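Q: This is the structure I want to talk about, given as structure tokens.
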Amino acid sequence: MPELVRDELAADGLRDIGLPVWLFSGAGAITPGDPALNAEAKWIYRGGIGQLADRLAEGLDVRRETPVAALAPSHDRWLLSGDANQPLGAADAVLLTPPAPEAAAILAASTLGAELRQSLLDALGRARYRRCVSLALAYAGRIERPFYALLNIDRAHPIAWLALEHAKAPERCPPGHSLLMAQMSPRWSDEHWDATPAAAEQLVAPLVASLLGDGLGAPLWSDIARWPYALPDSGADFDTLNGSGSGLFFAGDYTAGLGRVHLAIESGWRAAAAIERWLGTQHTHA
């Protein structure tokens with residue numbers, strides 16, 4: 001993974017954050033993180049994590065905002081159709097990368113043999129997810145700490161991860177200001193999933209202040225995001241999904257059962273190898 005972002009993709013705007021991750025307990029006690037893990041480079045793009053996807057897609061025919069709703073076999077190919085049943089094209093093989101429940105919804109609406117459909121739906125159904133509510137909080141003044149993020153080590157705090165975004169990339173907020181990102185625990189997220197942005201801010205801002213110090217003051221503004229498929233808790237079997245011989249393939253961190261960007265990328269590499277082998281077999285039999 002480091003070689004991918006550092007050597008194989010365009011590296012402009014890529015930099016090492018240069019600060020460690022520290023840990024905190026359910027009681028709010030903060031301690032330095034693991035020295036070995038913190039010695040590793042922590043890469044960030046100036047333009048955000050979306051830059052990784054953009055650079056991976058360079059040279060490819062990527063069509064944004066084009067939902068695929070269903071698939072149908074036709075003469076050893078797959079026909080793709082959209083929400084209004086409009087044709088989107090045909091492919092020798094299809095790689096599905098949405099979260100498992102969304103991939104399952106596409107298959108449920110597709111023209112598949114009963115045995116293939118059930119096998120794939122059963123495999124996808126083994127993936128379970130934890131939900132996450134995430135809040136961005138902006139503050140006047142610069143919050144300086146010897147770390148760029150805090151990780152809850154015992155899963156006993158309402159906040160699971162607290163990042164100082166301005167420490168990761170100063171251009172993410174105006175000079176003299178701070179931007180924090182609080183990712184809430186699965187339990188807190190479930191209990192407050194429908195909370196209004198204002199209510200969520202009132203609940204989370206004091207928790208942030210208790211970790212970073214009461215001198216923060218009130219946030220200048222806040223924003224909320226809700227991620228229903230944030231973290232895979234259990235995985236779907238990669239080989240079952242990608243060994244059907246149907247021309248349908250699957251990749252995502254849910255095949256590892258752990259939410260990590262590098263695991264999602266590694267599953268994509270494995271799926272690419274499976275697709276290459278399958279296409280070679282098809283051409284051999286043609």
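Letters A, B, ... go to the chains of the structure tokens in the order shown; residues in each chain start at 1; ligands are counted from 1 in the same order.
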Would you kindly return, as a list of chain:residue names, each protein, DNA or RNA residue with an atom no farther than 8 Å from any atom of A:Tyr139, considering only C-alpha atoms and excluding same-chain residues fewer than 4 positions away?

A: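 That gives A:His177, A:Ser178, A:Leu179, A:Leu216, A:Gly217, A:Ala218, A:Pro219, A:Leu220, A:Trp221.
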
Q: Excluding stretch 256-259 of chain A and any residue of its chain fewer than 3 positions from it, enumerate the residues within 10 Å of it, using only C-alpha atoms, and give them as a PDB file with N, CA and C atoms, in the first residue's frame.

A:
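Written file, part.pdb:
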```
ATOM      1  N   ARG A 126     -23.724 -12.763   4.833  1.00  0.00           N
ATOM      2  CA  ARG A 126     -22.874 -13.026   6.002  1.00  0.00           C
ATOM      3  C   ARG A 126     -22.119 -11.781   6.453  1.00  0.00           C
ATOM      4  N   ALA A 127     -22.088 -10.757   5.637  1.00  0.00           N
ATOM      5  CA  ALA A 127     -21.420  -9.513   6.017  1.00  0.00           C
ATOM      6  C   ALA A 127     -22.341  -8.684   6.907  1.00  0.00           C
ATOM      7  N   ARG A 128     -21.831  -8.240   8.020  1.00  0.00           N
ATOM      8  CA  ARG A 128     -22.563  -7.389   8.947  1.00  0.00           C
ATOM      9  C   ARG A 128     -21.796  -6.090   9.129  1.00  0.00           C
ATOM     10  N   TYR A 129     -22.527  -5.016   9.375  1.00  0.00           N
ATOM     11  CA  TYR A 129     -21.908  -3.697   9.463  1.00  0.00           C
ATOM     12  C   TYR A 129     -22.294  -2.990  10.760  1.00  0.00           C
ATOM     13  N   ARG A 130     -21.382  -2.146  11.228  1.00  0.00           N
ATOM     14  CA  ARG A 130     -21.687  -1.204  12.299  1.00  0.00           C
ATOM     15  C   ARG A 130     -21.920   0.174  11.685  1.00  0.00           C
ATOM     16  N   TYR A 229     -23.169   1.817   6.451  1.00  0.00           N
ATOM     17  CA  TYR A 229     -22.286   0.674   6.218  1.00  0.00           C
ATOM     18  C   TYR A 229     -20.840   1.092   6.458  1.00  0.00           C
ATOM     19  N   ALA A 230     -20.584   1.670   7.634  1.00  0.00           N
ATOM     20  CA  ALA A 230     -19.276   2.251   7.902  1.00  0.00           C
ATOM     21  C   ALA A 230     -18.208   1.190   8.124  1.00  0.00           C
ATOM     22  N   LEU A 231     -18.499   0.201   8.963  1.00  0.00           N
ATOM     23  CA  LEU A 231     -17.470  -0.732   9.393  1.00  0.00           C
ATOM     24  C   LEU A 231     -17.965  -2.173   9.318  1.00  0.00           C
ATOM     25  N   PRO A 232     -17.388  -2.980   8.456  1.00  0.00           N
ATOM     26  CA  PRO A 232     -17.777  -4.394   8.445  1.00  0.00           C
ATOM     27  C   PRO A 232     -17.413  -5.057   9.773  1.00  0.00           C
ATOM     28  N   ASP A 233     -18.354  -5.805  10.318  1.00  0.00           N
ATOM     29  CA  ASP A 233     -18.143  -6.495  11.584  1.00  0.00           C
ATOM     30  C   ASP A 233     -17.874  -7.975  11.377  1.00  0.00           C
ATOM     31  N   SER A 234     -18.387  -8.506  10.292  1.00  0.00           N
ATOM     32  CA  SER A 234     -18.118  -9.889   9.900  1.00  0.00           C
ATOM     33  C   SER A 234     -18.092  -9.933   8.382  1.00  0.00           C
ATOM     34  N   GLY A 235     -17.330 -10.859   7.846  1.00  0.00           N
ATOM     35  CA  GLY A 235     -17.077 -10.808   6.415  1.00  0.00           C
ATOM     36  C   GLY A 235     -17.807 -11.853   5.598  1.00  0.00           C
ATOM     37  N   ALA A 236     -17.898 -11.576   4.308  1.00  0.00           N
ATOM     38  CA  ALA A 236     -18.385 -12.541   3.328  1.00  0.00           C
ATOM     39  C   ALA A 236     -17.173 -13.236   2.715  1.00  0.00           C
ATOM     40  N   ASP A 237     -17.305 -14.512   2.418  1.00  0.00           N
ATOM     41  CA  ASP A 237     -16.178 -15.281   1.922  1.00  0.00           C
ATOM     42  C   ASP A 237     -15.806 -14.859   0.502  1.00  0.00           C
ATOM     43  N   PHE A 238     -14.575 -14.402   0.342  1.00  0.00           N
ATOM     44  CA  PHE A 238     -14.110 -13.903  -0.955  1.00  0.00           C
ATOM     45  C   PHE A 238     -14.163 -14.987  -2.023  1.00  0.00           C
ATOM     46  N   ALA A 251     -15.651  -7.155  -4.666  1.00  0.00           N
ATOM     47  CA  ALA A 251     -14.512  -6.662  -3.897  1.00  0.00           C
ATOM     48  C   ALA A 251     -15.003  -5.629  -2.891  1.00  0.00           C
ATOM     49  N   GLY A 252     -14.284  -5.518  -1.796  1.00  0.00           N
ATOM     50  CA  GLY A 252     -14.620  -4.553  -0.754  1.00  0.00           C
ATOM     51  C   GLY A 252     -14.079  -5.024   0.574  1.00  0.00           C
ATOM     52  N   ASP A 253     -13.974  -4.115   1.528  1.00  0.00           N
ATOM     53  CA  ASP A 253     -13.425  -4.504   2.821  1.00  0.00           C
ATOM     54  C   ASP A 253     -14.311  -5.507   3.544  1.00  0.00           C
ATOM     55  N   HIS A 262      -6.836  -0.136   3.005  1.00  0.00           N
ATOM     56  CA  HIS A 262      -5.860  -1.026   2.356  1.00  0.00           C
ATOM     57  C   HIS A 262      -6.441  -2.415   2.129  1.00  0.00           C
ATOM     58  N   LEU A 263      -7.366  -2.856   3.001  1.00  0.00           N
ATOM     59  CA  LEU A 263      -7.993  -4.157   2.789  1.00  0.00           C
ATOM     60  C   LEU A 263      -8.947  -4.112   1.604  1.00  0.00           C
ATOM     61  N   ALA A 264      -9.631  -2.984   1.429  1.00  0.00           N
ATOM     62  CA  ALA A 264     -10.500  -2.845   0.262  1.00  0.00           C
ATOM     63  C   ALA A 264      -9.678  -2.884  -1.025  1.00  0.00           C
ATOM     64  N   GLU A 266      -6.695  -4.269  -1.399  1.00  0.00           N
ATOM     65  CA  GLU A 266      -6.159  -5.622  -1.575  1.00  0.00           C
ATOM     66  C   GLU A 266      -7.212  -6.575  -2.129  1.00  0.00           C
ATOM     67  N   SER A 267      -8.464  -6.413  -1.694  1.00  0.00           N
ATOM     68  CA  SER A 267      -9.525  -7.259  -2.250  1.00  0.00           C
ATOM     69  C   SER A 267      -9.733  -6.951  -3.730  1.00  0.00           C
TER      70      SER A 267
END
```

Q: From a DSSP pass on the backbone, collect the residues of stretch 126-226 of chain A flagged as strand (DSSP E) and hand them back as a PyMOL selection string.

A: chain A and resi 128-140+149-152+159-164+177-184+221-226

Q: Can you write out the residues you just picked, keeping C-alpha atoms, as a short mmCIF file (atom, residue, chain, number, x, y, z; two decimals), in the first residue's frame?

A:
```cif
data_model
loop_
_atom_site.label_atom_id
_atom_site.label_comp_id
_atom_site.auth_asym_id
_atom_site.auth_seq_id
_atom_site.Cartn_x
_atom_site.Cartn_y
_atom_site.Cartn_z
CA ARG A 128 -22.56 -7.39 8.95
CA TYR A 129 -21.91 -3.70 9.46
CA ARG A 130 -21.69 -1.20 12.30
CA ARG A 131 -23.22 2.19 11.68
CA CYS A 132 -21.33 5.41 12.34
CA VAL A 133 -22.44 9.00 12.90
CA SER A 134 -19.64 11.44 12.11
CA LEU A 135 -19.55 15.11 13.13
CA ALA A 136 -17.33 17.88 11.83
CA LEU A 137 -16.82 20.70 14.36
CA ALA A 138 -15.16 24.03 13.56
CA TYR A 139 -13.60 26.24 16.24
CA ALA A 140 -12.07 29.68 16.47
CA ALA A 149 -5.89 11.98 16.23
CA LEU A 150 -7.16 10.09 19.26
CA LEU A 151 -8.36 6.48 19.13
CA ASN A 152 -10.57 4.97 21.82
CA ILE A 159 -16.34 8.84 20.61
CA ALA A 160 -14.44 6.16 18.70
CA TRP A 161 -12.03 8.45 16.79
CA LEU A 162 -11.28 12.15 17.09
CA ALA A 163 -9.13 13.74 14.38
CA LEU A 164 -7.59 17.19 14.25
CA HIS A 177 -9.07 28.12 13.13
CA SER A 178 -9.46 24.42 13.86
CA LEU A 179 -11.50 21.63 12.33
CA LEU A 180 -12.22 18.45 14.29
CA MET A 181 -13.82 15.22 13.07
CA ALA A 182 -15.53 13.03 15.67
CA GLN A 183 -16.53 9.55 14.61
CA MET A 184 -18.96 8.17 17.14
CA TRP A 221 -20.49 25.43 13.11
CA SER A 222 -20.95 21.73 12.79
CA ASP A 223 -21.99 19.23 10.14
CA ILE A 224 -23.19 15.65 10.40
CA ALA A 225 -22.88 12.56 8.22
CA ARG A 226 -24.48 9.17 8.78
#
```

Q: Just the residues within 8 Å of A:Ala271, please, counting only C-alpha atoms, with nothing from its chain fewer than 5 positions along; format it as an mmCIF file with C-alpha atoms, in the first residue's frame.

A:
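After the write, result.cif holds the following:
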```cif
data_model
loop_
_atom_site.group_PDB
_atom_site.id
_atom_site.type_symbol
_atom_site.label_atom_id
_atom_site.label_comp_id
_atom_site.auth_asym_id
_atom_site.auth_seq_id
_atom_site.Cartn_x
_atom_site.Cartn_y
_atom_site.Cartn_z
ATOM 1 C CA LEU A 95 -17.054 -6.330 -10.597
ATOM 2 C CA ASN A 242 -15.537 -14.779 -6.790
ATOM 3 C CA PHE A 249 -16.984 -10.649 -9.147
ATOM 4 C CA PHE A 250 -16.966 -8.825 -5.813
ATOM 5 C CA ALA A 251 -14.512 -6.662 -3.897
#
```

Q: Have a look at atom CA of A:Gly141 and atom CA of A:Gly176 and let me know their distance in Å, one decimal.

A: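 Atom-to-atom, atom CA of A:Gly141 to atom CA of A:Gly176, that is 5.1 Å.
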